[in-house]
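Have a look at structure_38.json; it's JSON, N, CA and C atoms:
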[["chain", "number", "residue", "atom", "x", "y", "z"],
["M", 8, "SER", "N", -22.11, 57.26, 47.65],
["M", 8, "SER", "CA", -22.94, 56.43, 48.51],
["M", 8, "SER", "C", -24.08, 55.84, 47.70],
["M", 9, "ILE", "N", -24.68, 54.83, 48.21],
["M", 9, "ILE", "CA", -25.80, 54.17, 47.55],
["M", 9, "ILE", "C", -27.01, 55.10, 47.60],
["M", 10, "GLN", "N", -27.65, 55.28, 46.45],
["M", 10, "GLN", "CA", -28.83, 56.15, 46.41],
["M", 10, "GLN", "C", -29.99, 55.46, 47.11],
["M", 11, "THR", "N", -30.59, 56.16, 48.06],
["M", 11, "THR", "CA", -31.75, 55.61, 48.76],
["M", 11, "THR", "C", -32.92, 56.58, 48.76],
["M", 12, "TYR", "N", -32.64, 57.88, 48.70],
["M", 12, "TYR", "CA", -33.72, 58.88, 48.73],
["M", 12, "TYR", "C", -34.38, 58.96, 47.37],
["M", 13, "ILE", "N", -35.69, 58.87, 47.34],
["M", 13, "ILE", "CA", -36.42, 58.97, 46.08],
["M", 13, "ILE", "C", -37.20, 60.28, 46.07],
["M", 14, "ASP", "N", -36.88, 61.13, 45.10],
["M", 14, "ASP", "CA", -37.58, 62.39, 44.88],
["M", 14, "ASP", "C", -38.64, 62.11, 43.80],
["M", 15, "TYR", "N", -39.88, 61.93, 44.23],
["M", 15, "TYR", "CA", -40.93, 61.53, 43.30],
["M", 15, "TYR", "C", -41.27, 62.61, 42.29],
["M", 16, "ASP", "N", -41.04, 63.88, 42.62],
["M", 16, "ASP", "CA", -41.21, 64.94, 41.63],
["M", 16, "ASP", "C", -40.19, 64.77, 40.51],
["M", 17, "ARG", "N", -38.96, 64.42, 40.85],
["M", 17, "ARG", "CA", -37.90, 64.18, 39.86],
["M", 17, "ARG", "C", -38.25, 62.96, 39.00],
["M", 18, "VAL", "N", -38.76, 61.90, 39.63],
["M", 18, "VAL", "CA", -39.15, 60.70, 38.89],
["M", 18, "VAL", "C", -40.24, 61.05, 37.87],
["M", 19, "ASN", "N", -41.25, 61.81, 38.30],
["M", 19, "ASN", "CA", -42.34, 62.20, 37.39],
["M", 19, "ASN", "C", -41.83, 63.09, 36.26],
["M", 20, "GLU", "N", -40.91, 64.00, 36.57],
["M", 20, "GLU", "CA", -40.31, 64.86, 35.54],
["M", 20, "GLU", "C", -39.58, 64.00, 34.50],
["M", 21, "LEU", "N", -38.79, 63.06, 34.98],
["M", 21, "LEU", "CA", -38.08, 62.17, 34.06],
["M", 21, "LEU", "C", -39.05, 61.33, 33.24],
["M", 22, "LYS", "N", -40.06, 60.82, 33.90],
["M", 22, "LYS", "CA", -41.05, 59.96, 33.23],
["M", 22, "LYS", "C", -41.77, 60.74, 32.12],
["M", 23, "ASN", "N", -42.12, 61.97, 32.38],
["M", 23, "ASN", "CA", -42.87, 62.78, 31.42],
["M", 23, "ASN", "C", -42.01, 63.27, 30.26],
["M", 24, "ASN", "N", -40.69, 63.29, 30.44],
["M", 24, "ASN", "CA", -39.79, 63.81, 29.40],
["M", 24, "ASN", "C", -38.69, 62.81, 29.06],
["M", 25, "PHE", "N", -38.95, 61.53, 29.21],
["M", 25, "PHE", "CA", -37.90, 60.54, 29.11],
["M", 25, "PHE", "C", -37.38, 60.40, 27.68],
["M", 26, "ASP", "N", -36.05, 60.47, 27.56],
["M", 26, "ASP", "CA", -35.36, 60.24, 26.29],
["M", 26, "ASP", "C", -34.10, 59.45, 26.63],
["M", 27, "ILE", "N", -34.11, 58.16, 26.33],
["M", 27, "ILE", "CA", -33.00, 57.30, 26.72],
["M", 27, "ILE", "C", -31.69, 57.74, 26.10],
["M", 28, "SER", "N", -31.75, 58.40, 24.96],
["M", 28, "SER", "CA", -30.51, 58.84, 24.30],
["M", 28, "SER", "C", -29.82, 59.97, 25.07],
["M", 29, "LEU", "N", -30.54, 60.61, 25.98],
["M", 29, "LEU", "CA", -29.95, 61.69, 26.78],
["M", 29, "LEU", "C", -29.47, 61.23, 28.15],
["M", 30, "CYS", "N", -29.67, 59.96, 28.46],
["M", 30, "CYS", "CA", -29.34, 59.44, 29.79],
["M", 30, "CYS", "C", -27.88, 59.04, 29.91],
["M", 31, "ASP", "N", -27.28, 59.39, 31.02],
["M", 31, "ASP", "CA", -25.95, 58.90, 31.37],
["M", 31, "ASP", "C", -26.08, 57.45, 31.82],
["M", 32, "PRO", "N", -24.96, 56.70, 31.83],
["M", 32, "PRO", "CA", -25.02, 55.31, 32.29],
["M", 32, "PRO", "C", -25.48, 55.22, 33.76],
["M", 33, "ILE", "N", -26.16, 54.13, 34.08],
["M", 33, "ILE", "CA", -26.51, 53.82, 35.45],
["M", 33, "ILE", "C", -25.25, 53.28, 36.12],
["M", 34, "GLN", "N", -24.88, 53.83, 37.26],
["M", 34, "GLN", "CA", -23.69, 53.39, 37.98],
["M", 34, "GLN", "C", -24.10, 52.46, 39.12],
["M", 35, "CYS", "N", -23.54, 51.25, 39.13],
["M", 35, "CYS", "CA", -23.85, 50.26, 40.17],
["M", 35, "CYS", "C", -22.57, 49.68, 40.74],
["M", 36, "ILE", "N", -22.70, 49.13, 41.92],
["M", 36, "ILE", "CA", -21.65, 48.28, 42.46],
["M", 36, "ILE", "C", -22.26, 46.91, 42.69],
["M", 37, "LYS", "N", -21.45, 45.88, 42.51],
["M", 37, "LYS", "CA", -21.90, 44.51, 42.70],
["M", 37, "LYS", "C", -21.05, 43.88, 43.78],
["M", 38, "SER", "N", -21.70, 43.17, 44.66],
["M", 38, "SER", "CA", -21.00, 42.45, 45.71],
["M", 38, "SER", "C", -20.19, 41.32, 45.10],
["M", 39, "LEU", "N", -18.94, 41.20, 45.50],
["M", 39, "LEU", "CA", -18.05, 40.16, 45.01],
["M", 39, "LEU", "C", -18.55, 38.77, 45.39],
["M", 40, "ASN", "N", -19.04, 38.61, 46.61],
["M", 40, "ASN", "CA", -19.42, 37.29, 47.12],
["M", 40, "ASN", "C", -20.91, 37.00, 47.03],
["M", 41, "GLU", "N", -21.73, 37.99, 46.76],
["M", 41, "GLU", "CA", -23.17, 37.79, 46.67],
["M", 41, "GLU", "C", -23.66, 38.38, 45.37],
["M", 42, "ASP", "N", -24.79, 37.91, 44.90],
["M", 42, "ASP", "CA", -25.35, 38.44, 43.66],
["M", 42, "ASP", "C", -26.26, 39.62, 43.96],
["M", 43, "LYS", "N", -25.69, 40.68, 44.54],
["M", 43, "LYS", "CA", -26.43, 41.88, 44.87],
["M", 43, "LYS", "C", -25.83, 43.05, 44.10],
["M", 44, "TYR", "N", -26.71, 43.89, 43.57],
["M", 44, "TYR", "CA", -26.29, 45.10, 42.87],
["M", 44, "TYR", "C", -26.88, 46.29, 43.62],
["M", 45, "PHE", "N", -26.09, 47.36, 43.75],
["M", 45, "PHE", "CA", -26.53, 48.57, 44.44],
["M", 45, "PHE", "C", -26.37, 49.75, 43.50],
["M", 46, "ILE", "N", -27.41, 50.57, 43.38],
["M", 46, "ILE", "CA", -27.35, 51.74, 42.50],
["M", 46, "ILE", "C", -26.61, 52.87, 43.22],
["M", 47, "ILE", "N", -25.57, 53.37, 42.56],
["M", 47, "ILE", "CA", -24.81, 54.50, 43.07],
["M", 47, "ILE", "C", -25.33, 55.80, 42.43],
["M", 48, "ASP", "N", -25.61, 55.74, 41.12],
["M", 48, "ASP", "CA", -26.11, 56.90, 40.40],
["M", 48, "ASP", "C", -27.09, 56.43, 39.33],
["M", 49, "GLY", "N", -28.30, 56.98, 39.35],
["M", 49, "GLY", "CA", -29.28, 56.64, 38.32],
["M", 49, "GLY", "C", -30.57, 56.07, 38.86],
["M", 50, "LEU", "N", -30.77, 56.14, 40.16],
["M", 50, "LEU", "CA", -31.97, 55.57, 40.76],
["M", 50, "LEU", "C", -33.25, 56.14, 40.15],
["M", 51, "HIS", "N", -33.32, 57.46, 39.99],
["M", 51, "HIS", "CA", -34.53, 58.08, 39.47],
["M", 51, "HIS", "C", -34.77, 57.67, 38.02],
["M", 52, "ARG", "N", -33.71, 57.52, 37.23],
["M", 52, "ARG", "CA", -33.85, 57.06, 35.85],
["M", 52, "ARG", "C", -34.36, 55.62, 35.81],
["M", 53, "VAL", "N", -33.84, 54.77, 36.70],
["M", 53, "VAL", "CA", -34.27, 53.38, 36.75],
["M", 53, "VAL", "C", -35.75, 53.29, 37.12],
["M", 54, "ILE", "N", -36.18, 54.07, 38.09],
["M", 54, "ILE", "CA", -37.59, 54.05, 38.50],
["M", 54, "ILE", "C", -38.47, 54.57, 37.37],
["M", 55, "ALA", "N", -38.06, 55.67, 36.71],
["M", 55, "ALA", "CA", -38.84, 56.21, 35.59],
["M", 55, "ALA", "C", -38.96, 55.19, 34.47],
["M", 56, "MET", "N", -37.86, 54.50, 34.15],
["M", 56, "MET", "CA", -37.89, 53.48, 33.11],
["M", 56, "MET", "C", -38.85, 52.35, 33.48],
["M", 57, "LYS", "N", -38.79, 51.96, 34.74],
["M", 57, "LYS", "CA", -39.67, 50.87, 35.20],
["M", 57, "LYS", "C", -41.14, 51.29, 35.09],
["M", 58, "LEU", "N", -41.45, 52.53, 35.49],
["M", 58, "LEU", "CA", -42.83, 53.02, 35.41],
["M", 58, "LEU", "C", -43.32, 53.13, 33.97],
["M", 59, "LEU", "N", -42.39, 53.44, 33.06],
["M", 59, "LEU", "CA", -42.74, 53.55, 31.65],
["M", 59, "LEU", "C", -42.75, 52.21, 30.93],
["M", 60, "GLY", "N", -42.27, 51.17, 31.61],
["M", 60, "GLY", "CA", -42.20, 49.85, 31.00],
["M", 60, "GLY", "C", -41.10, 49.74, 29.96],
["M", 61, "ILE", "N", -40.08, 50.56, 30.08],
["M", 61, "ILE", "CA", -38.96, 50.56, 29.13],
["M", 61, "ILE", "C", -37.97, 49.48, 29.51],
["M", 62, "ASP", "N", -37.61, 48.68, 28.53],
["M", 62, "ASP", "CA", -36.61, 47.63, 28.72],
["M", 62, "ASP", "C", -35.24, 48.28, 28.88],
["M", 63, "LYS", "N", -34.46, 47.78, 29.79],
["M", 63, "LYS", "CA", -33.17, 48.39, 30.09],
["M", 63, "LYS", "C", -32.09, 48.09, 29.05],
["M", 64, "THR", "N", -32.41, 47.34, 28.02],
["M", 64, "THR", "CA", -31.37, 46.97, 27.06],
["M", 64, "THR", "C", -30.79, 48.17, 26.32],
["M", 65, "GLY", "N", -31.54, 49.25, 26.23],
["M", 65, "GLY", "CA", -31.02, 50.44, 25.57],
["M", 65, "GLY", "C", -30.21, 51.34, 26.48],
["M", 66, "MET", "N", -30.11, 50.99, 27.75],
["M", 66, "MET", "CA", -29.42, 51.81, 28.75],
["M", 66, "MET", "C", -28.08, 51.20, 29.09],
["M", 67, "GLU", "N", -27.05, 52.03, 29.10],
["M", 67, "GLU", "CA", -25.73, 51.55, 29.52],
["M", 67, "GLU", "C", -25.69, 51.47, 31.04],
["M", 68, "ILE", "N", -25.22, 50.35, 31.54],
["M", 68, "ILE", "CA", -25.09, 50.15, 32.98],
["M", 68, "ILE", "C", -23.64, 49.81, 33.27],
["M", 69, "LYS", "N", -23.00, 50.61, 34.11],
["M", 69, "LYS", "CA", -21.62, 50.36, 34.50],
["M", 69, "LYS", "C", -21.62, 49.72, 35.88],
["M", 70, "VAL", "N", -20.93, 48.59, 35.98],
["M", 70, "VAL", "CA", -20.89, 47.84, 37.23],
["M", 70, "VAL", "C", -19.45, 47.75, 37.72],
["M", 71, "ASN", "N", -19.26, 48.05, 38.98],
["M", 71, "ASN", "CA", -17.96, 47.94, 39.64],
["M", 71, "ASN", "C", -18.09, 46.87, 40.71],
["M", 72, "VAL", "N", -17.33, 45.79, 40.59],
["M", 72, "VAL", "CA", -17.40, 44.69, 41.55],
["M", 72, "VAL", "C", -16.53, 45.02, 42.76],
["M", 73, "GLN", "N", -17.11, 44.89, 43.96],
["M", 73, "GLN", "CA", -16.42, 45.21, 45.21],
["M", 73, "GLN", "C", -16.64, 44.09, 46.21],
["M", 74, "SER", "N", -15.75, 44.00, 47.17],
["M", 74, "SER", "CA", -15.94, 43.03, 48.26],
["M", 74, "SER", "C", -17.10, 43.51, 49.14],
["M", 75, "GLU", "N", -17.76, 42.56, 49.77],
["M", 75, "GLU", "CA", -18.89, 42.88, 50.66],
["M", 75, "GLU", "C", -18.45, 43.84, 51.76],
["M", 76, "LYS", "N", -17.26, 43.64, 52.31],
["M", 76, "LYS", "CA", -16.77, 44.51, 53.38],
["M", 76, "LYS", "C", -16.58, 45.94, 52.88],
["M", 77, "LEU", "N", -15.99, 46.09, 51.70],
["M", 77, "LEU", "CA", -15.79, 47.43, 51.15],
["M", 77, "LEU", "C", -17.13, 48.11, 50.89],
["M", 78, "ILE", "N", -18.10, 47.36, 50.39],
["M", 78, "ILE", "CA", -19.42, 47.94, 50.15],
["M", 78, "ILE", "C", -20.02, 48.42, 51.47],
["M", 79, "LYS", "N", -19.96, 47.58, 52.50],
["M", 79, "LYS", "CA", -20.52, 47.97, 53.79],
["M", 79, "LYS", "C", -19.78, 49.15, 54.39],
["M", 80, "ASP", "N", -18.45, 49.13, 54.30],
["M", 80, "ASP", "CA", -17.64, 50.20, 54.89],
["M", 80, "ASP", "C", -17.76, 51.52, 54.12],
["M", 81, "THR", "N", -17.92, 51.43, 52.81],
["M", 81, "THR", "CA", -17.88, 52.63, 51.98],
["M", 81, "THR", "C", -19.24, 53.14, 51.56],
["M", 82, "TYR", "N", -20.13, 52.24, 51.18],
["M", 82, "TYR", "CA", -21.36, 52.65, 50.52],
["M", 82, "TYR", "C", -22.65, 52.46, 51.30],
["M", 83, "MET", "N", -22.67, 51.51, 52.22],
["M", 83, "MET", "CA", -23.95, 51.10, 52.81],
["M", 83, "MET", "C", -24.61, 52.20, 53.63],
["M", 84, "SER", "N", -25.92, 52.16, 53.54],
["M", 84, "SER", "CA", -26.77, 52.99, 54.40],
["M", 84, "SER", "C", -27.80, 52.05, 55.01],
["M", 85, "ASN", "N", -28.76, 52.59, 55.69],
["M", 85, "ASN", "CA", -29.77, 51.76, 56.34],
["M", 85, "ASN", "C", -30.74, 51.11, 55.36],
["M", 86, "ASN", "N", -30.84, 51.64, 54.16],
["M", 86, "ASN", "CA", -31.86, 51.16, 53.24],
["M", 86, "ASN", "C", -31.30, 51.07, 51.81],
["M", 87, "PRO", "N", -30.44, 50.09, 51.51],
["M", 87, "PRO", "CA", -29.87, 50.01, 50.17],
["M", 87, "PRO", "C", -30.92, 49.66, 49.14],
["M", 88, "ILE", "N", -30.75, 50.18, 47.97],
["M", 88, "ILE", "CA", -31.63, 49.86, 46.84],
["M", 88, "ILE", "C", -30.97, 48.74, 46.06],
["M", 89, "LEU", "N", -31.61, 47.59, 45.99],
["M", 89, "LEU", "CA", -31.07, 46.45, 45.27],
["M", 89, "LEU", "C", -31.56, 46.46, 43.83],
["M", 90, "VAL", "N", -30.71, 46.00, 42.96],
["M", 90, "VAL", "CA", -31.04, 45.93, 41.55],
["M", 90, "VAL", "C", -31.22, 44.46, 41.18],
["M", 91, "ASP", "N", -32.27, 44.15, 40.45],
["M", 91, "ASP", "CA", -32.49, 42.78, 40.01],
["M", 91, "ASP", "C", -31.33, 42.36, 39.12],
["M", 92, "LYS", "N", -30.74, 41.21, 39.39],
["M", 92, "LYS", "CA", -29.53, 40.78, 38.70],
["M", 92, "LYS", "C", -29.77, 40.51, 37.21],
["M", 93, "GLU", "N", -30.98, 40.15, 36.81],
["M", 93, "GLU", "CA", -31.25, 39.86, 35.42],
["M", 93, "GLU", "C", -31.70, 41.07, 34.63],
["M", 94, "THR", "N", -32.53, 41.90, 35.23],
["M", 94, "THR", "CA", -33.06, 43.04, 34.49],
["M", 94, "THR", "C", -32.25, 44.31, 34.69],
["M", 95, "GLY", "N", -31.47, 44.37, 35.77],
["M", 95, "GLY", "CA", -30.73, 45.60, 36.06],
["M", 95, "GLY", "C", -31.60, 46.66, 36.68],
["M", 96, "ILE", "N", -32.87, 46.32, 36.95],
["M", 96, "ILE", "CA", -33.79, 47.29, 37.56],
["M", 96, "ILE", "C", -34.28, 46.74, 38.87]]

Write-out of the structure in structure tokens:
Amino acid sequence: SIQTYIDYDRVNELKNNFDISLCDPIQCIKSLNEDKYFIIDGLHRVIAMKLLGIDKTGMEIKVNVQSEKLIKDTYMSNNPILVDKETGI
């Protein structure tokens, strides 16, 4: 499912000990018909990177393109986290 819950203690832990070389890829899905990206796995890493001002170019991002209907039927919740199409954050 799309990650929506933010554990700020986890974000602070990641921020204080961030090492991009230890990070797994950020998992996203992209809408086939719209330019929307949804984080499936890696929300806390993305927020920590953003707070640290780290450019995402060093982070692997895996994107799976899906139809809008499949995204809504399979992944959607009441509060999806959108990813900026250019920065990945």

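Compared by their closest atoms to Lys22 of chain M, and using only C-alpha atoms, the residues M:Ile54, M:Ile47, M:Leu39, M:Ile78 rank with M:Ile54 nearest.
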
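Compared by their closest atoms to Asp48 of chain M, and using all atoms listed in the file, the residues M:Asn23, M:Asp31, M:Ile61, M:Asp16 rank with M:Asp31 nearest.
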
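Around the point (-18.9, 50.9, 35.7), within 10 Å and counting only C-alpha atoms, we find these residues: Pro32, Ile33, Gln34, Cys35, Ile36, Lys37, Glu67, Ile68, Lys69, Val70, Asn71 and Val72 of chain M.
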
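In this model, the gap between atom CA of Phe25 of chain M and atom CA of Leu59 of chain M comes to 8.9 Å.
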
### Task
Could you check how far atom N of Cys30 of chain M sits from atom CA of Lys43 of chain M, in Å to one decimal?
24.6 Å

### Query
Leaving out His51 of chain M and any residue of its chain fewer than 4 positions from it, which residues lie within 7 Å of it when counting only N, CA and C atoms, given as a list in words?
Ile13, Asp14, Arg17, Val18, Leu21, Ala55 and Met56 of chain M

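For the pair atom CA of Lys57 of chain M and atom C of Asp42 of chain M, the separation is 19.6 Å.
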
### Query
So which residues touch Glu75 of chain M within 8 Å, counting only C-alpha atoms, skipping near sequence neighbours fewer than 2 positions away, as JSON, numbers by chain?
{"M": [38, 39, 40, 41, 73, 77, 78, 79]}
